[in-house]
Amino acid sequence: MLQGFLGTKIGMTQIFREDGKVVPVTVIQAGPCVVTQVKTMETDGYEAVQLGFGDVKRRNKPQAGHLKNSKLSRYLREVTTDDTNEFTVGQSIGVDIFESGEKVDVIGTSKGRGFAGVMKRWNFGGGPRTHGQSDRARAPGSIGGGTTPGKVYKGMKMGGHMGNRRITVKGLEIIEIDTERNLLMVKGGIPGAPNSLIQIRRFGA
């Protein structure tokens with residue numbers, strides 16, 4: 001059984017359950033993925049399956065050589081599996097490896113926010129809006145003493161680059177699966193912009 005899968009984020013919508021409750025879901029274009037390499041204990045010292053996903057606009061000779069027995073893919077990622085003997089190079093895998101009601105972890109790259117101040121980045125309250133504090137409204141305040149300690153401690157919450165980092169959201173429930181269109185609908189929001197790469201991992205794997 002594969003412990004991971006690849007896809008792209010499409011967007012958010014909502015689904016009505018049988019009891020009438022509405023559930024916010026994120027739609028993921030999950031697969032189809034192709035097996036591009038099978039790693040075994042004999043050849044690599046560990047067992048894993050390399051999956052390929054997405055179309056390639058330009059190809060180079062190293063890519064073409066590595067993927068000559070499978071399909072040229074834009075993204076390549078390794079995922080663990082219980083038994084590598086179940087897979088062969090060139091095999092296509094669909095979203096039907098998952099089931100409705102199953103829980104998964106979703107990994108993506110969050111939207112980049114550029115350089116952000118402390119109020120946006122760390123939810124600071126800012127300074128007073130009165131008593132002549134015209135330039136302190138969005139300032140961080142004190143970042144440390146002068147003589148003691150005479151330095152700024154590591155990890156101090158300050159302005160800086162925000163977003164564009166790997167985020168894992170754990171334990172999201174799969175609400176619905178569309179095997180014909182390879183769509184996976186998971187409860188709640190996931191990181192990343194539309195059309196960004198998403199890794200789906202079995203919960204607890």
# chains A, B, ... in the order shown; residues from 1 in each chain; ligands from 1
>>> residues_around(residues="A:Glu78", least_positions_apart="3", cutoff="12 Å", atoms="only C-alpha atoms", output="VMD selection string")
chain A and resid 2 to 6 33 to 39 46 to 53 75 81 199 to 201
>>> closest_atom_pairs(of="stretch 24-130 of chain A", to="stretch 148-161 of chain A", cutoff="12 Å", atoms="only C-alpha atoms", output="tab-separated table")
residue	atom	partner	partner_atom	distance
A:Lys111	CA	A:His161	CA	11.5
A:Gly112	CA	A:His161	CA	8.4
A:Arg113	CA	A:His161	CA	7.3
A:Gly114	CA	A:His161	CA	5.4
A:Phe115	CA	A:His161	CA	4.5
A:Ala116	CA	A:Gly160	CA	5.5
A:Gly117	CA	A:Gly159	CA	4.3
A:Val118	CA	A:Gly159	CA	4.9
A:Met119	CA	A:Gly159	CA	8.5
A:Lys120	CA	A:Gly159	CA	8.8
A:Arg121	CA	A:Gly159	CA	6.9
A:Trp122	CA	A:Lys157	CA	7.0
A:Asn123	CA	A:Lys157	CA	10.2
A:Phe124	CA	A:Lys157	CA	9.4
>>> select_by_dssp(residues="stretch 5-179 of chain A", states="alpha helix (DSSP H)", output="ChimeraX atom specification")
/A:41-44,61-66,118-122
>>> residues_around(residues="A:Val25", least_positions_apart="6", cutoff="7 Å", atoms="only C-alpha atoms", output="PDB file with C-alpha atoms, in the first residue's frame")
ATOM      1  CA  MET A  12     -12.399  25.345  -2.233  1.00  0.00           C
ATOM      2  CA  THR A  13     -16.110  24.618  -2.326  1.00  0.00           C
ATOM      3  CA  GLN A  14     -18.703  23.030  -0.052  1.00  0.00           C
ATOM      4  CA  ILE A  15     -20.504  19.688   0.080  1.00  0.00           C
ATOM      5  CA  MET A 185     -12.135  16.429  -1.632  1.00  0.00           C
ATOM      6  CA  VAL A 186     -10.754  16.876   1.867  1.00  0.00           C
ATOM      7  CA  LYS A 187     -12.397  18.694   4.760  1.00  0.00           C
ATOM      8  CA  GLY A 188     -11.111  22.188   5.481  1.00  0.00           C
ATOM      9  CA  GLY A 189      -8.388  24.321   3.941  1.00  0.00           C
TER      10      GLY A 189
END
>>> closest_residue(among="A:Asn182, A:Ala139, A:Arg129, A:Pro32", to="A:Gln91", atoms="only C-alpha atoms")
A:Pro32
>>> residues_around(residues="A:Phe16", least_positions_apart="3", cutoff="12 Å", atoms="only C-alpha atoms", output="list of chain:residue names")
A:Thr13, A:Asp19, A:Gly20, A:Lys21, A:Val22, A:Val23, A:Pro24, A:Val25, A:Ile175, A:Glu176, A:Lys187
>>> closest_residue(among="A:Pro194, A:Gly54, A:Gly145, A:Gly90", to="A:Arg74", atoms="only C-alpha atoms")
A:Gly54
>>> residues_around(residues="A:Pro191", least_positions_apart="6", cutoff="9 Å", atoms="only C-alpha atoms", output="number ranges by chain")
A: 9, 106-111, 166-169, 198
>>> atom_distance(atom1="atom CA of A:Met1", atom2="atom CA of A:Thr84")
8.8 Å
>>> select_by_dssp(residues="stretch 5-120 of chain A", states="strand (DSSP E)", output="JSON, numbers by chain")
{"A": [5, 6, 7, 8, 9, 10, 11, 12, 13, 14, 15, 16, 22, 23, 24, 25, 26, 27, 28, 29, 30, 33, 34, 35, 36, 37, 38, 39, 48, 49, 50, 51, 52, 53, 75, 76, 77, 78, 79, 92, 93, 103, 104, 105, 106, 107, 108, 109, 114, 115, 116]}
>>> write_last_selection(atoms="N, CA and C atoms", output="compact mmCIF listing (two decimals), in the first residue's frame")
# COMPACT_ATOMS: atom_id res chain seq x y z
N PHE A 5 0.94 10.30 -2.05
CA PHE A 5 0.44 10.54 -3.40
C PHE A 5 0.69 12.00 -3.74
N LEU A 6 0.56 12.35 -5.01
CA LEU A 6 0.81 13.71 -5.47
C LEU A 6 -0.42 14.28 -6.14
N GLY A 7 -0.54 15.59 -6.09
CA GLY A 7 -1.65 16.26 -6.75
C GLY A 7 -1.44 17.76 -6.77
N THR A 8 -2.43 18.47 -7.29
CA THR A 8 -2.40 19.93 -7.30
C THR A 8 -3.70 20.46 -6.68
N LYS A 9 -3.57 21.58 -6.02
CA LYS A 9 -4.73 22.22 -5.39
C LYS A 9 -5.55 22.93 -6.46
N ILE A 10 -6.87 22.67 -6.46
CA ILE A 10 -7.76 23.34 -7.42
C ILE A 10 -8.43 24.54 -6.75
N GLY A 11 -9.04 24.34 -5.61
CA GLY A 11 -9.71 25.43 -4.92
C GLY A 11 -10.65 24.88 -3.86
N MET A 12 -11.49 25.76 -3.30
CA MET A 12 -12.40 25.35 -2.23
C MET A 12 -13.85 25.45 -2.69
N THR A 13 -14.67 24.60 -2.11
CA THR A 13 -16.11 24.62 -2.33
C THR A 13 -16.77 24.03 -1.08
N GLN A 14 -18.03 23.63 -1.19
CA GLN A 14 -18.70 23.03 -0.05
C GLN A 14 -19.56 21.87 -0.51
N ILE A 15 -19.74 20.89 0.38
CA ILE A 15 -20.50 19.69 0.08
C ILE A 15 -21.53 19.49 1.19
N PHE A 16 -22.73 19.09 0.81
CA PHE A 16 -23.76 18.77 1.78
C PHE A 16 -23.71 17.29 2.11
N VAL A 22 -23.54 21.18 5.98
CA VAL A 22 -22.64 21.62 4.92
C VAL A 22 -21.20 21.54 5.43
N VAL A 23 -20.29 21.05 4.57
CA VAL A 23 -18.89 20.86 4.95
C VAL A 23 -18.01 21.61 3.95
N PRO A 24 -17.13 22.50 4.43
CA PRO A 24 -16.18 23.14 3.51
C PRO A 24 -15.09 22.16 3.10
N VAL A 25 -14.82 22.08 1.82
CA VAL A 25 -13.82 21.13 1.32
C VAL A 25 -12.86 21.82 0.36
N THR A 26 -11.64 21.27 0.28
CA THR A 26 -10.67 21.67 -0.73
C THR A 26 -10.60 20.57 -1.78
N VAL A 27 -10.70 20.96 -3.04
CA VAL A 27 -10.65 20.00 -4.15
C VAL A 27 -9.21 19.87 -4.62
N ILE A 28 -8.72 18.62 -4.66
CA ILE A 28 -7.35 18.34 -5.08
C ILE A 28 -7.38 17.46 -6.31
N GLN A 29 -6.66 17.89 -7.35
CA GLN A 29 -6.47 17.03 -8.53
C GLN A 29 -5.38 16.03 -8.18
N ALA A 30 -5.78 14.86 -7.71
CA ALA A 30 -4.83 13.86 -7.21
C ALA A 30 -4.55 12.82 -8.28
N CYS A 33 -0.79 9.33 -11.06
CA CYS A 33 0.65 9.31 -10.91
C CYS A 33 1.21 8.07 -11.61
N VAL A 34 2.43 8.19 -12.08
CA VAL A 34 3.09 7.07 -12.75
C VAL A 34 4.32 6.67 -11.95
N VAL A 35 4.56 5.37 -11.84
CA VAL A 35 5.74 4.87 -11.14
C VAL A 35 6.95 5.06 -12.04
N THR A 36 7.90 5.88 -11.61
CA THR A 36 9.09 6.17 -12.42
C THR A 36 10.32 5.39 -11.96
N GLN A 37 10.29 4.91 -10.70
CA GLN A 37 11.43 4.14 -10.19
C GLN A 37 10.99 3.37 -8.96
N VAL A 38 11.48 2.15 -8.83
CA VAL A 38 11.22 1.32 -7.66
C VAL A 38 12.55 1.07 -6.96
N LYS A 39 12.65 1.48 -5.70
CA LYS A 39 13.88 1.34 -4.95
C LYS A 39 13.75 0.16 -3.98
N ALA A 48 11.27 2.06 -1.43
CA ALA A 48 10.41 3.20 -1.71
C ALA A 48 10.00 3.16 -3.18
N VAL A 49 9.03 3.99 -3.50
CA VAL A 49 8.57 4.11 -4.89
C VAL A 49 8.63 5.58 -5.27
N GLN A 50 9.23 5.84 -6.43
CA GLN A 50 9.28 7.22 -6.93
C GLN A 50 8.10 7.44 -7.87
N LEU A 51 7.32 8.47 -7.57
CA LEU A 51 6.15 8.77 -8.38
C LEU A 51 6.39 10.01 -9.22
N GLY A 52 5.85 10.01 -10.42
CA GLY A 52 5.89 11.17 -11.30
C GLY A 52 4.50 11.73 -11.49
N PHE A 53 4.41 13.06 -11.56
CA PHE A 53 3.10 13.70 -11.71
C PHE A 53 3.26 14.99 -12.50
N TYR A 75 6.92 16.64 -11.81
CA TYR A 75 7.31 16.47 -10.42
C TYR A 75 7.68 15.01 -10.16
N LEU A 76 8.74 14.80 -9.39
CA LEU A 76 9.15 13.47 -8.95
C LEU A 76 9.29 13.48 -7.43
N ARG A 77 8.62 12.54 -6.76
CA ARG A 77 8.71 12.45 -5.32
C ARG A 77 8.74 10.98 -4.90
N GLU A 78 9.51 10.69 -3.84
CA GLU A 78 9.56 9.34 -3.31
C GLU A 78 8.54 9.19 -2.19
N VAL A 79 7.86 8.04 -2.18
CA VAL A 79 6.93 7.72 -1.11
C VAL A 79 7.22 6.31 -0.63
N SER A 92 0.55 3.11 -13.90
CA SER A 92 -0.24 4.30 -13.59
C SER A 92 -1.12 4.02 -12.37
N ILE A 93 -1.16 4.98 -11.44
CA ILE A 93 -1.91 4.82 -10.20
C ILE A 93 -2.90 5.96 -10.07
N LYS A 103 -8.50 9.43 6.84
CA LYS A 103 -7.81 10.66 7.22
C LYS A 103 -6.41 10.70 6.60
N VAL A 104 -6.02 11.89 6.16
CA VAL A 104 -4.73 12.05 5.49
C VAL A 104 -4.05 13.32 6.00
N ASP A 105 -2.73 13.35 5.82
CA ASP A 105 -1.96 14.58 6.03
C ASP A 105 -1.73 15.22 4.67
N VAL A 106 -1.84 16.53 4.61
CA VAL A 106 -1.64 17.25 3.36
C VAL A 106 -0.45 18.21 3.52
N ILE A 107 0.50 18.10 2.59
CA ILE A 107 1.73 18.90 2.65
C ILE A 107 1.79 19.82 1.43
N GLY A 108 2.01 21.10 1.67
CA GLY A 108 2.11 22.05 0.57
C GLY A 108 3.00 23.21 0.95
N THR A 109 3.23 24.10 -0.02
CA THR A 109 4.03 25.30 0.20
C THR A 109 3.09 26.49 0.33
N GLY A 114 6.06 37.85 1.23
CA GLY A 114 7.13 38.84 1.17
C GLY A 114 7.60 39.25 2.56
N PHE A 115 8.12 40.47 2.68
CA PHE A 115 8.55 40.99 3.97
C PHE A 115 7.33 41.52 4.70
N ALA A 116 7.06 40.97 5.87
CA ALA A 116 5.89 41.37 6.65
C ALA A 116 6.32 41.88 8.02
>>> atom_distance(atom1="atom CA of A:Gly125", atom2="atom CA of A:Gly141")
10.1 Å
>>> atom_distance(atom1="atom CA of A:Ile97", atom2="atom CA of A:Arg181")
14.0 Å
>>> decode(residues="stretch 30-57 of chain A", atoms="N, CA and C atoms", output="mmCIF file, in the first residue's frame")
data_model
loop_
_atom_site.group_PDB
_atom_site.id
_atom_site.type_symbol
_atom_site.label_atom_id
_atom_site.label_comp_id
_atom_site.auth_asym_id
_atom_site.auth_seq_id
_atom_site.Cartn_x
_atom_site.Cartn_y
_atom_site.Cartn_z
ATOM 1 N N ALA A 30 -5.780 14.856 -7.714
ATOM 2 C CA ALA A 30 -4.829 13.861 -7.206
ATOM 3 C C ALA A 30 -4.547 12.820 -8.279
ATOM 4 N N GLY A 31 -3.370 12.923 -8.873
ATOM 5 C CA GLY A 31 -2.983 11.951 -9.884
ATOM 6 C C GLY A 31 -3.665 12.232 -11.212
ATOM 7 N N PRO A 32 -3.607 11.276 -12.158
ATOM 8 C CA PRO A 32 -2.930 9.984 -11.996
ATOM 9 C C PRO A 32 -1.408 10.123 -11.920
ATOM 10 N N CYS A 33 -0.792 9.328 -11.059
ATOM 11 C CA CYS A 33 0.650 9.308 -10.915
ATOM 12 C C CYS A 33 1.209 8.069 -11.609
ATOM 13 N N VAL A 34 2.432 8.186 -12.082
ATOM 14 C CA VAL A 34 3.087 7.067 -12.749
ATOM 15 C C VAL A 34 4.318 6.665 -11.948
ATOM 16 N N VAL A 35 4.559 5.369 -11.838
ATOM 17 C CA VAL A 35 5.742 4.869 -11.140
ATOM 18 C C VAL A 35 6.951 5.058 -12.043
ATOM 19 N N THR A 36 7.898 5.877 -11.612
ATOM 20 C CA THR A 36 9.085 6.166 -12.422
ATOM 21 C C THR A 36 10.315 5.393 -11.957
ATOM 22 N N GLN A 37 10.290 4.906 -10.701
ATOM 23 C CA GLN A 37 11.429 4.142 -10.189
ATOM 24 C C GLN A 37 10.989 3.368 -8.958
ATOM 25 N N VAL A 38 11.481 2.147 -8.834
ATOM 26 C CA VAL A 38 11.217 1.317 -7.660
ATOM 27 C C VAL A 38 12.548 1.073 -6.959
ATOM 28 N N LYS A 39 12.645 1.483 -5.699
ATOM 29 C CA LYS A 39 13.884 1.341 -4.947
ATOM 30 C C LYS A 39 13.754 0.162 -3.978
ATOM 31 N N THR A 40 14.731 -0.704 -3.973
ATOM 32 C CA THR A 40 14.692 -1.910 -3.143
ATOM 33 C C THR A 40 15.898 -1.955 -2.221
ATOM 34 N N MET A 41 15.844 -2.864 -1.241
ATOM 35 C CA MET A 41 16.956 -3.027 -0.310
ATOM 36 C C MET A 41 18.214 -3.476 -1.038
ATOM 37 N N GLU A 42 18.066 -4.299 -2.071
ATOM 38 C CA GLU A 42 19.235 -4.818 -2.794
ATOM 39 C C GLU A 42 19.958 -3.730 -3.578
ATOM 40 N N THR A 43 19.198 -2.838 -4.192
ATOM 41 C CA THR A 43 19.825 -1.839 -5.063
ATOM 42 C C THR A 43 20.117 -0.513 -4.370
ATOM 43 N N ASP A 44 19.277 -0.123 -3.397
ATOM 44 C CA ASP A 44 19.398 1.213 -2.812
ATOM 45 C C ASP A 44 19.549 1.213 -1.294
ATOM 46 N N GLY A 45 19.329 0.069 -0.636
ATOM 47 C CA GLY A 45 19.456 0.018 0.807
ATOM 48 C C GLY A 45 18.186 0.372 1.555
ATOM 49 N N TYR A 46 17.120 0.697 0.837
ATOM 50 C CA TYR A 46 15.817 0.972 1.456
ATOM 51 C C TYR A 46 14.744 0.739 0.400
ATOM 52 N N GLU A 47 13.498 0.692 0.850
ATOM 53 C CA GLU A 47 12.391 0.426 -0.061
ATOM 54 C C GLU A 47 11.509 1.663 -0.188
ATOM 55 N N ALA A 48 11.267 2.055 -1.428
ATOM 56 C CA ALA A 48 10.407 3.203 -1.715
ATOM 57 C C ALA A 48 9.999 3.157 -3.177
ATOM 58 N N VAL A 49 9.032 3.987 -3.504
ATOM 59 C CA VAL A 49 8.565 4.111 -4.886
ATOM 60 C C VAL A 49 8.633 5.576 -5.274
ATOM 61 N N GLN A 50 9.228 5.841 -6.429
ATOM 62 C CA GLN A 50 9.280 7.222 -6.934
ATOM 63 C C GLN A 50 8.101 7.438 -7.869
ATOM 64 N N LEU A 51 7.316 8.466 -7.570
ATOM 65 C CA LEU A 51 6.145 8.774 -8.376
ATOM 66 C C LEU A 51 6.390 10.014 -9.215
ATOM 67 N N GLY A 52 5.847 10.011 -10.422
ATOM 68 C CA GLY A 52 5.894 11.165 -11.304
ATOM 69 C C GLY A 52 4.503 11.726 -11.490
ATOM 70 N N PHE A 53 4.409 13.059 -11.563
ATOM 71 C CA PHE A 53 3.102 13.701 -11.706
ATOM 72 C C PHE A 53 3.255 14.994 -12.497
ATOM 73 N N GLY A 54 2.287 15.281 -13.349
ATOM 74 C CA GLY A 54 2.269 16.534 -14.099
ATOM 75 C C GLY A 54 2.935 16.415 -15.450
ATOM 76 N N ASP A 55 2.566 17.344 -16.325
ATOM 77 C CA ASP A 55 3.106 17.356 -17.684
ATOM 78 C C ASP A 55 4.354 18.224 -17.756
ATOM 79 N N VAL A 56 5.228 17.879 -18.700
ATOM 80 C CA VAL A 56 6.499 18.594 -18.880
ATOM 81 C C VAL A 56 6.449 19.387 -20.179
ATOM 82 N N LYS A 57 6.782 20.679 -20.107
ATOM 83 C CA LYS A 57 6.826 21.497 -21.318
ATOM 84 C C LYS A 57 8.162 21.318 -22.041
#
